[in-house]
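*Asks:* Below is the file work.cif, which contains mmCIF, C-alpha atoms; chains and numbers go by the auth columns.
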```cif
data_my_file
loop_
_atom_site.group_PDB
_atom_site.id
_atom_site.type_symbol
_atom_site.label_atom_id
_atom_site.label_comp_id
_atom_site.label_asym_id
_atom_site.label_seq_id
_atom_site.Cartn_x
_atom_site.Cartn_y
_atom_site.Cartn_z
_atom_site.B_iso_or_equiv
_atom_site.auth_seq_id
_atom_site.auth_asym_id
ATOM 1 C CA MET A 1 -24.323 13.923 15.246 0.00 24 A
ATOM 2 C CA ARG A 2 -20.514 13.884 15.017 0.00 25 A
ATOM 3 C CA LYS A 3 -18.940 17.307 14.845 0.00 26 A
ATOM 4 C CA GLN A 4 -16.622 18.140 11.975 0.00 27 A
ATOM 5 C CA LYS A 5 -13.103 18.844 13.166 0.00 28 A
ATOM 6 C CA VAL A 6 -11.525 21.961 11.698 0.00 29 A
ATOM 7 C CA ILE A 7 -7.815 22.459 12.331 0.00 30 A
ATOM 8 C CA VAL A 8 -6.500 25.965 11.753 0.00 31 A
ATOM 9 C CA PHE A 9 -2.758 25.770 11.161 0.00 32 A
ATOM 10 C CA LEU A 10 -0.312 28.661 11.220 0.00 33 A
ATOM 11 C CA PRO A 11 3.155 28.424 9.636 0.00 34 A
ATOM 12 C CA ALA A 12 5.307 30.691 11.794 0.00 35 A
ATOM 13 C CA TYR A 13 8.869 31.962 11.763 0.00 36 A
ATOM 14 C CA ASN A 14 9.837 34.531 14.409 0.00 37 A
ATOM 15 C CA GLU A 15 6.280 35.813 14.867 0.00 38 A
ATOM 16 C CA GLU A 16 6.240 36.359 18.634 0.00 39 A
ATOM 17 C CA GLU A 17 4.826 39.871 18.250 0.00 40 A
ATOM 18 C CA SER A 18 1.715 38.840 16.326 0.00 41 A
ATOM 19 C CA ILE A 19 0.954 35.136 16.682 0.00 42 A
ATOM 20 C CA GLY A 20 -0.696 35.371 20.093 0.00 43 A
ATOM 21 C CA GLU A 21 -3.292 37.868 18.925 0.00 44 A
ATOM 22 C CA VAL A 22 -3.964 35.853 15.761 0.00 45 A
ATOM 23 C CA ILE A 23 -4.564 32.646 17.726 0.00 46 A
ATOM 24 C CA GLU A 24 -6.802 34.373 20.262 0.00 47 A
ATOM 25 C CA SER A 25 -8.926 35.890 17.482 0.00 48 A
ATOM 26 C CA ILE A 26 -9.618 32.577 15.689 0.00 49 A
ATOM 27 C CA PRO A 27 -13.379 31.808 15.955 0.00 50 A
ATOM 28 C CA ARG A 28 -13.800 28.600 17.916 0.00 51 A
ATOM 29 C CA HIS A 29 -17.595 28.340 18.220 0.00 52 A
ATOM 30 C CA PHE A 30 -19.223 29.551 15.015 0.00 53 A
ATOM 31 C CA HIS A 31 -21.375 26.472 14.398 0.00 54 A
ATOM 32 C CA GLN A 32 -22.809 23.803 16.695 0.00 55 A
ATOM 33 C CA GLN A 33 -21.636 20.976 14.393 0.00 56 A
ATOM 34 C CA VAL A 34 -18.042 22.209 14.137 0.00 57 A
ATOM 35 C CA GLU A 35 -15.124 22.014 16.582 0.00 58 A
ATOM 36 C CA VAL A 36 -12.003 24.087 15.988 0.00 59 A
ATOM 37 C CA LYS A 37 -8.433 23.313 17.027 0.00 60 A
ATOM 38 C CA VAL A 38 -5.259 25.335 16.404 0.00 61 A
ATOM 39 C CA LEU A 39 -1.959 23.930 15.140 0.00 62 A
ATOM 40 C CA VAL A 40 1.272 25.935 14.921 0.00 63 A
ATOM 41 C CA ILE A 41 4.106 24.887 12.614 0.00 64 A
ATOM 42 C CA ASP A 42 7.162 26.584 14.088 0.00 65 A
ATOM 43 C CA ASP A 43 9.677 26.877 11.262 0.00 66 A
ATOM 44 C CA GLY A 44 12.813 27.063 13.427 0.00 67 A
ATOM 45 C CA SER A 45 11.948 30.336 15.164 0.00 68 A
ATOM 46 C CA ARG A 46 14.716 31.927 17.232 0.00 69 A
ATOM 47 C CA ASP A 47 12.391 34.096 19.314 0.00 70 A
ATOM 48 C CA HIS A 48 9.509 33.266 21.708 0.00 71 A
ATOM 49 C CA THR A 49 6.994 32.249 19.024 0.00 72 A
ATOM 50 C CA VAL A 50 6.340 28.829 20.594 0.00 73 A
ATOM 51 C CA HIS A 51 5.887 30.184 24.122 0.00 74 A
ATOM 52 C CA VAL A 52 3.507 32.922 22.976 0.00 75 A
ATOM 53 C CA ALA A 53 1.529 30.477 20.822 0.00 76 A
ATOM 54 C CA ARG A 54 1.126 28.000 23.659 0.00 77 A
ATOM 55 C CA LYS A 55 0.054 30.750 26.071 0.00 78 A
ATOM 56 C CA ALA A 56 -2.494 32.029 23.528 0.00 79 A
ATOM 57 C CA GLY A 57 -4.185 28.630 23.342 0.00 80 A
ATOM 58 C CA ALA A 58 -2.574 26.629 20.530 0.00 81 A
ATOM 59 C CA ASP A 59 -3.725 23.012 20.812 0.00 82 A
ATOM 60 C CA TYR A 60 -0.829 21.463 18.873 0.00 83 A
ATOM 61 C CA ILE A 61 2.688 22.740 18.144 0.00 84 A
ATOM 62 C CA VAL A 62 5.208 21.175 15.753 0.00 85 A
ATOM 63 C CA SER A 63 8.710 22.684 15.799 0.00 86 A
ATOM 64 C CA PHE A 64 11.532 22.366 13.272 0.00 87 A
ATOM 65 C CA GLU A 65 15.079 22.483 14.615 0.00 88 A
ATOM 66 C CA LYS A 66 16.051 24.920 11.877 0.00 89 A
ATOM 67 C CA ASN A 67 14.294 27.059 9.306 0.00 90 A
ATOM 68 C CA ARG A 68 13.199 24.998 6.284 0.00 91 A
ATOM 69 C CA GLY A 69 11.125 27.485 4.314 0.00 92 A
ATOM 70 C CA LEU A 70 7.463 28.380 3.988 0.00 93 A
ATOM 71 C CA GLY A 71 6.735 25.611 1.482 0.00 94 A
ATOM 72 C CA ALA A 72 8.086 23.005 3.903 0.00 95 A
ATOM 73 C CA ALA A 73 6.104 24.498 6.793 0.00 96 A
ATOM 74 C CA VAL A 74 2.842 24.441 4.821 0.00 97 A
ATOM 75 C CA ARG A 75 3.541 20.881 3.654 0.00 98 A
ATOM 76 C CA SER A 76 3.969 19.883 7.293 0.00 99 A
ATOM 77 C CA GLY A 77 0.763 21.722 8.245 0.00 100 A
ATOM 78 C CA LEU A 78 -1.227 19.805 5.647 0.00 101 A
ATOM 79 C CA LYS A 79 0.285 16.470 6.712 0.00 102 A
ATOM 80 C CA GLU A 80 -0.094 17.052 10.459 0.00 103 A
ATOM 81 C CA SER A 81 -3.694 18.271 10.074 0.00 104 A
ATOM 82 C CA TYR A 82 -4.594 15.119 8.168 0.00 105 A
ATOM 83 C CA GLU A 83 -2.881 12.853 10.709 0.00 106 A
ATOM 84 C CA LEU A 84 -4.577 14.680 13.596 0.00 107 A
ATOM 85 C CA GLY A 85 -7.926 13.753 12.087 0.00 108 A
ATOM 86 C CA ALA A 86 -9.007 17.043 10.542 0.00 109 A
ATOM 87 C CA ASP A 87 -12.142 16.922 8.420 0.00 110 A
ATOM 88 C CA ILE A 88 -11.117 20.330 7.097 0.00 111 A
ATOM 89 C CA ALA A 89 -7.938 22.357 7.575 0.00 112 A
ATOM 90 C CA VAL A 90 -7.532 26.102 7.325 0.00 113 A
ATOM 91 C CA MET A 91 -4.168 27.763 6.769 0.00 114 A
ATOM 92 C CA ILE A 92 -3.667 31.330 7.906 0.00 115 A
ATOM 93 C CA ASP A 93 -0.516 33.424 8.244 0.00 116 A
ATOM 94 C CA ALA A 94 0.743 34.147 11.758 0.00 117 A
ATOM 95 C CA ASP A 95 1.549 37.795 11.026 0.00 118 A
ATOM 96 C CA GLY A 96 -1.997 39.178 11.321 0.00 119 A
ATOM 97 C CA GLU A 97 -2.359 40.249 7.678 0.00 120 A
ATOM 98 C CA TYR A 98 -5.297 37.925 7.083 0.00 121 A
ATOM 99 C CA PRO A 99 -8.606 38.249 8.985 0.00 122 A
ATOM 100 C CA SER A 100 -9.104 35.194 11.185 0.00 123 A
ATOM 101 C CA SER A 101 -12.645 36.444 11.834 0.00 124 A
ATOM 102 C CA GLN A 102 -13.438 35.464 8.230 0.00 125 A
ATOM 103 C CA ILE A 103 -12.525 31.802 8.655 0.00 126 A
ATOM 104 C CA PRO A 104 -16.262 30.890 8.684 0.00 127 A
ATOM 105 C CA ASP A 105 -16.634 32.723 5.330 0.00 128 A
ATOM 106 C CA LEU A 106 -13.735 30.706 3.930 0.00 129 A
ATOM 107 C CA LEU A 107 -15.362 27.467 5.087 0.00 130 A
ATOM 108 C CA GLU A 108 -18.874 28.243 3.876 0.00 131 A
ATOM 109 C CA PRO A 109 -18.411 27.039 0.249 0.00 132 A
ATOM 110 C CA ILE A 110 -17.027 23.737 1.581 0.00 133 A
ATOM 111 C CA PHE A 111 -19.893 23.284 4.029 0.00 134 A
ATOM 112 C CA LYS A 112 -22.325 24.005 1.187 0.00 135 A
ATOM 113 C CA GLY A 113 -20.678 21.388 -1.042 0.00 136 A
ATOM 114 C CA GLU A 114 -19.570 24.002 -3.586 0.00 137 A
ATOM 115 C CA ALA A 115 -15.779 23.660 -3.239 0.00 138 A
ATOM 116 C CA ASP A 116 -13.027 21.386 -1.972 0.00 139 A
ATOM 117 C CA TYR A 117 -10.369 24.079 -1.729 0.00 140 A
ATOM 118 C CA THR A 118 -10.970 27.750 -0.972 0.00 141 A
ATOM 119 C CA MET A 119 -8.694 30.783 -1.017 0.00 142 A
ATOM 120 C CA GLY A 120 -9.210 34.123 0.678 0.00 143 A
ATOM 121 C CA SER A 121 -8.930 36.751 -2.038 0.00 144 A
ATOM 122 C CA ARG A 122 -7.634 40.199 -1.157 0.00 145 A
ATOM 123 C CA PHE A 123 -8.309 41.417 -4.678 0.00 146 A
ATOM 124 C CA LEU A 124 -11.985 40.492 -4.425 0.00 147 A
ATOM 125 C CA GLY A 125 -12.081 42.119 -0.984 0.00 148 A
ATOM 126 C CA THR A 126 -9.706 44.924 -0.014 0.00 149 A
ATOM 127 C CA ILE A 127 -6.023 45.550 -0.712 0.00 150 A
ATOM 128 C CA ASN A 128 -5.692 48.954 0.969 0.00 151 A
ATOM 129 C CA GLY A 129 -2.126 49.516 2.098 0.00 152 A
ATOM 130 C CA MET A 130 -0.515 46.786 -0.025 0.00 153 A
ATOM 131 C CA LYS A 131 2.791 48.079 -1.365 0.00 154 A
ATOM 132 C CA LEU A 132 2.955 48.668 -5.104 0.00 155 A
ATOM 133 C CA HIS A 133 5.775 46.188 -5.792 0.00 156 A
ATOM 134 C CA ARG A 134 3.890 43.438 -3.949 0.00 157 A
ATOM 135 C CA ARG A 135 0.710 44.258 -5.815 0.00 158 A
ATOM 136 C CA LEU A 136 2.460 44.147 -9.187 0.00 159 A
ATOM 137 C CA GLY A 137 4.231 40.898 -8.324 0.00 160 A
ATOM 138 C CA ASN A 138 0.930 39.393 -7.272 0.00 161 A
ATOM 139 C CA TYR A 139 -0.713 40.478 -10.527 0.00 162 A
ATOM 140 C CA PHE A 140 2.097 38.941 -12.578 0.00 163 A
ATOM 141 C CA PHE A 141 2.290 35.547 -10.871 0.00 164 A
ATOM 142 C CA THR A 142 -1.487 35.272 -10.581 0.00 165 A
ATOM 143 C CA PHE A 143 -1.756 35.944 -14.321 0.00 166 A
ATOM 144 C CA VAL A 144 0.784 33.177 -15.025 0.00 167 A
ATOM 145 C CA GLN A 145 -1.158 30.836 -12.781 0.00 168 A
ATOM 146 C CA SER A 146 -4.427 31.713 -14.506 0.00 169 A
ATOM 147 C CA LEU A 147 -2.928 30.942 -17.912 0.00 170 A
ATOM 148 C CA LEU A 148 -1.718 27.538 -16.733 0.00 171 A
ATOM 149 C CA LEU A 149 -5.043 26.704 -15.087 0.00 172 A
ATOM 150 C CA ARG A 150 -7.064 28.056 -18.021 0.00 173 A
ATOM 151 C CA ARG A 151 -9.346 29.791 -15.554 0.00 174 A
ATOM 152 C CA TRP A 152 -9.188 33.192 -13.921 0.00 175 A
ATOM 153 C CA ILE A 153 -7.680 33.446 -10.426 0.00 176 A
ATOM 154 C CA TYR A 154 -7.750 36.812 -8.629 0.00 177 A
ATOM 155 C CA ASP A 155 -5.300 36.213 -5.773 0.00 178 A
ATOM 156 C CA GLY A 156 -2.883 33.373 -6.430 0.00 179 A
ATOM 157 C CA GLN A 157 -0.572 34.300 -3.527 0.00 180 A
ATOM 158 C CA SER A 158 -3.147 34.327 -0.731 0.00 181 A
ATOM 159 C CA GLY A 159 -1.942 33.142 2.671 0.00 182 A
ATOM 160 C CA MET A 160 -5.429 32.133 3.796 0.00 183 A
ATOM 161 C CA ARG A 161 -6.794 28.838 2.448 0.00 184 A
ATOM 162 C CA ALA A 162 -9.044 25.925 3.417 0.00 185 A
ATOM 163 C CA PHE A 163 -8.842 22.255 2.408 0.00 186 A
ATOM 164 C CA THR A 164 -11.192 19.290 2.638 0.00 187 A
ATOM 165 C CA LYS A 165 -9.867 16.012 4.022 0.00 188 A
ATOM 166 C CA GLN A 166 -9.412 14.653 0.489 0.00 189 A
ATOM 167 C CA ALA A 167 -7.529 17.786 -0.561 0.00 190 A
ATOM 168 C CA LEU A 168 -5.275 17.435 2.485 0.00 191 A
ATOM 169 C CA LYS A 169 -4.529 13.830 1.585 0.00 192 A
ATOM 170 C CA HIS A 170 -3.637 14.529 -2.043 0.00 193 A
ATOM 171 C CA ALA A 171 -2.023 17.994 -1.855 0.00 194 A
ATOM 172 C CA GLU A 172 1.635 18.100 -2.887 0.00 195 A
ATOM 173 C CA ILE A 173 4.144 20.959 -2.694 0.00 196 A
ATOM 174 C CA VAL A 174 7.213 20.348 -4.845 0.00 197 A
ATOM 175 C CA HIS A 175 9.616 22.850 -3.268 0.00 198 A
ATOM 176 C CA ASN A 176 10.397 24.385 0.134 0.00 199 A
ATOM 177 C CA TYR A 177 10.668 28.104 -0.643 0.00 200 A
ATOM 178 C CA ASN A 178 6.970 28.760 -1.155 0.00 201 A
ATOM 179 C CA TYR A 179 3.714 26.960 -1.905 0.00 202 A
ATOM 180 C CA ALA A 180 1.236 29.418 -3.407 0.00 203 A
ATOM 181 C CA GLN A 181 1.259 28.642 -7.129 0.00 204 A
ATOM 182 C CA VAL A 182 2.300 24.993 -7.119 0.00 205 A
ATOM 183 C CA LEU A 183 -0.276 23.972 -4.517 0.00 206 A
ATOM 184 C CA THR A 184 -3.203 25.394 -6.472 0.00 207 A
ATOM 185 C CA LEU A 185 -1.901 23.963 -9.736 0.00 208 A
ATOM 186 C CA ASN A 186 -1.510 20.567 -8.092 0.00 209 A
ATOM 187 C CA LEU A 187 -5.001 20.435 -6.600 0.00 210 A
ATOM 188 C CA VAL A 188 -6.855 21.834 -9.617 0.00 211 A
ATOM 189 C CA ARG A 189 -5.047 19.448 -11.971 0.00 212 A
ATOM 190 C CA LYS A 190 -6.218 16.584 -9.758 0.00 213 A
ATOM 191 C CA GLY A 191 -9.827 17.704 -10.133 0.00 214 A
ATOM 192 C CA PHE A 192 -10.441 19.560 -6.876 0.00 215 A
ATOM 193 C CA ARG A 193 -12.922 22.421 -7.077 0.00 216 A
ATOM 194 C CA VAL A 194 -11.433 25.786 -6.091 0.00 217 A
ATOM 195 C CA LYS A 195 -13.330 28.895 -5.065 0.00 218 A
ATOM 196 C CA GLU A 196 -12.120 32.326 -3.978 0.00 219 A
ATOM 197 C CA VAL A 197 -13.747 34.168 -1.076 0.00 220 A
ATOM 198 C CA PRO A 198 -13.430 37.965 -0.612 0.00 221 A
ATOM 199 C CA ILE A 199 -11.434 38.923 2.485 0.00 222 A
ATOM 200 C CA GLN A 200 -10.348 42.144 4.151 0.00 223 A
ATOM 201 C CA TYR A 201 -6.584 42.585 3.860 0.00 224 A
ATOM 202 C CA GLN A 202 -4.667 44.050 6.799 0.00 225 A
ATOM 203 C CA VAL A 203 -1.207 45.553 6.384 0.00 226 A
ATOM 204 C CA ARG A 204 1.504 43.681 8.306 0.00 227 A
ATOM 205 C CA SER A 205 2.369 45.711 11.400 0.00 228 A
ATOM 206 C CA THR A 206 5.178 43.538 12.795 0.00 229 A
ATOM 207 C CA GLY A 207 8.102 41.608 11.309 0.00 230 A
ATOM 208 C CA GLU A 208 8.787 41.411 7.604 0.00 231 A
ATOM 209 C CA SER A 209 8.122 39.035 4.758 0.00 232 A
ATOM 210 C CA PHE A 210 10.948 36.796 3.548 0.00 233 A
ATOM 211 C CA ILE A 211 9.396 36.618 0.066 0.00 234 A
ATOM 212 C CA THR A 212 11.344 38.522 -2.593 0.00 235 A
ATOM 213 C CA PHE A 213 10.876 38.975 -6.317 0.00 236 A
ATOM 214 C CA ARG A 214 14.343 37.506 -6.922 0.00 237 A
ATOM 215 C CA GLY A 215 13.412 34.500 -4.798 0.00 238 A
ATOM 216 C CA TYR A 216 10.280 33.976 -6.841 0.00 239 A
ATOM 217 C CA LEU A 217 12.228 34.070 -10.096 0.00 240 A
ATOM 218 C CA SER A 218 14.924 31.654 -8.886 0.00 241 A
ATOM 219 C CA SER A 219 12.751 29.244 -6.898 0.00 242 A
ATOM 220 C CA VAL A 220 9.082 29.526 -7.803 0.00 243 A
ATOM 221 C CA ILE A 221 9.280 29.664 -11.605 0.00 244 A
ATOM 222 C CA PRO A 222 11.287 26.375 -11.835 0.00 245 A
ATOM 223 C CA ALA A 223 8.882 24.766 -9.346 0.00 246 A
ATOM 224 C CA ILE A 224 5.867 25.843 -11.419 0.00 247 A
ATOM 225 C CA TRP A 225 7.478 24.295 -14.489 0.00 248 A
ATOM 226 C CA LYS A 226 8.199 21.080 -12.560 0.00 249 A
ATOM 227 C CA GLU A 227 4.598 20.860 -11.324 0.00 250 A
ATOM 228 C CA VAL A 228 3.103 21.485 -14.767 0.00 251 A
ATOM 229 C CA LYS A 229 5.305 18.886 -16.469 0.00 252 A
ATOM 230 C CA ARG A 230 4.913 16.020 -14.013 0.00 253 A
ATOM 231 C CA PRO A 231 1.948 13.629 -14.409 0.00 254 A
ATOM 232 C CA VAL A 232 -0.872 13.610 -11.848 0.00 255 A
ATOM 233 C CA GLN A 233 -3.913 11.393 -11.422 0.00 256 A
ATOM 234 C CA LYS A 234 -7.457 12.693 -11.154 0.00 257 A
ATOM 235 C CA VAL A 235 -9.101 12.113 -7.775 0.00 258 A
ATOM 236 C CA LYS A 236 -12.675 10.863 -7.403 0.00 259 A
ATOM 237 C CA ILE A 237 -14.084 13.534 -5.115 0.00 260 A
ATOM 238 C CA ASP A 238 -16.872 13.096 -2.589 0.00 261 A
ATOM 239 C CA VAL A 239 -18.664 16.416 -3.061 0.00 262 A
ATOM 240 C CA ASN A 240 -21.056 15.794 -0.168 0.00 263 A
ATOM 241 C CA ALA A 241 -18.495 14.835 2.471 0.00 264 A
ATOM 242 C CA HIS A 242 -18.644 18.081 4.457 0.00 265 A
ATOM 243 C CA GLN A 243 -22.076 19.525 3.799 0.00 266 A
ATOM 244 C CA LEU A 244 -23.919 21.117 6.698 0.00 267 A
ATOM 245 C CA LYS A 245 -27.600 21.421 5.892 0.00 268 A
ATOM 246 C CA ASN A 246 -28.149 24.358 8.214 0.00 269 A
ATOM 247 C CA MET A 247 -25.072 26.385 7.255 0.00 270 A
ATOM 248 C CA ASN A 248 -27.196 29.487 6.642 0.00 271 A
ATOM 249 C CA THR A 249 -28.809 29.284 10.079 0.00 272 A
ATOM 250 C CA TYR A 250 -25.883 30.727 11.976 0.00 273 A
ATOM 251 C CA LYS A 251 -23.824 33.878 11.844 0.00 274 A
ATOM 252 C CA LEU A 252 -21.133 35.437 13.988 0.00 275 A
ATOM 253 C CA GLU A 253 -22.062 38.289 16.271 0.00 276 A
ATOM 254 C CA GLU A 254 -19.582 40.520 18.031 0.00 277 A
ATOM 255 C CA ASP A 255 -20.558 42.379 21.185 0.00 278 A
ATOM 256 C CA LYS A 256 -19.216 45.765 22.307 0.00 279 A
ATOM 257 C CA TRP A 257 -16.332 44.047 24.128 0.00 280 A
ATOM 258 C CA GLY A 258 -15.207 42.228 20.968 0.00 281 A
ATOM 259 C CA ASN A 259 -16.384 38.773 22.060 0.00 282 A
ATOM 260 C CA VAL A 260 -17.652 36.559 19.224 0.00 283 A
ATOM 261 C CA SER A 261 -20.713 34.376 19.698 0.00 284 A
ATOM 262 C CA ILE A 262 -23.366 32.486 17.726 0.00 285 A
ATOM 263 C CA ALA A 263 -26.670 34.053 16.792 0.00 286 A
ATOM 264 C CA ASN A 264 -29.585 32.327 15.053 0.00 287 A
ATOM 265 C CA ARG A 265 -30.633 34.045 11.847 0.00 288 A
ATOM 266 C CA ASN A 266 -34.197 32.786 12.053 0.00 289 A
#
```
Since I need it in another form, could you write the structure as structure tokens?

*Replies:*
Amino acid sequence: MRKQKVIVFLPAYNEEESIGEVIESIPRHFHQQVEVKVLVIDDGSRDHTVHVARKAGADYIVSFEKNRGLGAAVRSGLKESYELGADIAVMIDADGEYPSSQIPDLLEPIFKGEADYTMGSRFLGTINGMKLHRRLGNYFFTFVQSLLLRRWIYDGQSGMRAFTKQALKHAEIVHNYNYAQVLTLNLVRKGFRVKEVPIQYQVRSTGESFITFRGYLSSVIPAIWKEVKRPVQKVKIDVNAHQLKNMNTYKLEEDKWGNVSIANRN
């Protein structure tokens, strides 16, 4: 039986201190019918991000000559994953805030045929250590997103997401600064099924986020308005395209040295 190809892509800008550890911790062998590859989208880094990523085991690296913005990097990650033949793509930040060990959890609803687009939710999992201003900003923009979608979303700014092949093909990001709200609005409006998965948030220990509240007001709000106003076409979705019948058979086990392996639940 043909294995499903999962490409984990990491948008990265000057993340030499963290990206190597993130790549090395990505589960590669959590199911016998799944193969995992790693793609790095280097958004014009001026440090050794590319060198560290390659040394850590990145399978593909795409580099921009200059910094274009997170929205542009994610757009490129979606496009490159699709063109590289991904059945499913997973996006995860390169700064170590999101738990790569939970990638199988993020994929499970897709493999069960329950979702086409999943988001790792810190607010359904843990948000210990998140700064108050970031938490309040997240609450505000997630509330706006929920109103526009007419369904409740708990973590609209999550940097950990998974996409089916159809979602990759049809996903659109209408601006370069960020992607979080417009991407979800775009996919849900086209009929893709979204599901949030609880994840364990980890406070960033290196670097700093470029996202600011002022940037959101000046860039994201107009982009949300643009996305909501423009017409989109519903997509006929193949809900069975990625189902694995024995998804519940396997789980990840970690030994005392931190090595991850497959164990049979039965």

*Asks:* Can you work out which one of A:Val258, A:Val31, A:Gly67, A:Tyr105 has the shortest atom-to-atom distance to Arg184 in chain A, counting only C-alpha atoms?

*Replies:*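 Of A:Val258, A:Val31, A:Gly67, A:Tyr105, the one nearest Arg184 in chain A is A:Val31, counting only C-alpha atoms.
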
*Asks:* Measure the distance from CA of Arg158 in chain A to CA of Glu40 in chain A in Å and round it to one decimal.

*Replies:*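 Rounded to one decimal, the two atoms are 24.8 Å apart.
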
*Asks:* Expanded to explicit residues, what is the PyMOL selection byres ((chain A and resi 201) around 6) for this file, as a VMD selection string?

*Replies:* chain A and resid 93 to 94 199 to 200 202

*Asks:* Counting all atoms listed in the file, what are the residues of range 163-201 of chain A within 12 Å of range 259-263 of chain A, and for each of them which pair of atoms is the nearest and at what distance in Å, to one decimal? Sort the table by chain and rising number, as a tab-separated table.

*Replies:*
```
residue	atom	partner	partner_atom	distance
A:Thr187	CA	A:Val262	CA	9.8
A:Lys188	CA	A:Asp261	CA	10.1
A:Gln189	CA	A:Ile260	CA	7.4
A:Ala190	CA	A:Ile260	CA	9.0
A:Lys192	CA	A:Ile260	CA	11.7
A:His193	CA	A:Ile260	CA	10.9
```

*Asks:* Report the residues retrieved by the PyMOL selection byres ((chain A and resi 215) around 8) from the displayed file, expressed as a list in words.

*Replies:* Ala138, Asp139, Tyr140, Ala190, Leu210, Val211, Arg212, Lys213, Gly214, Arg216, Val217, Val258 and Ile260 of chain A
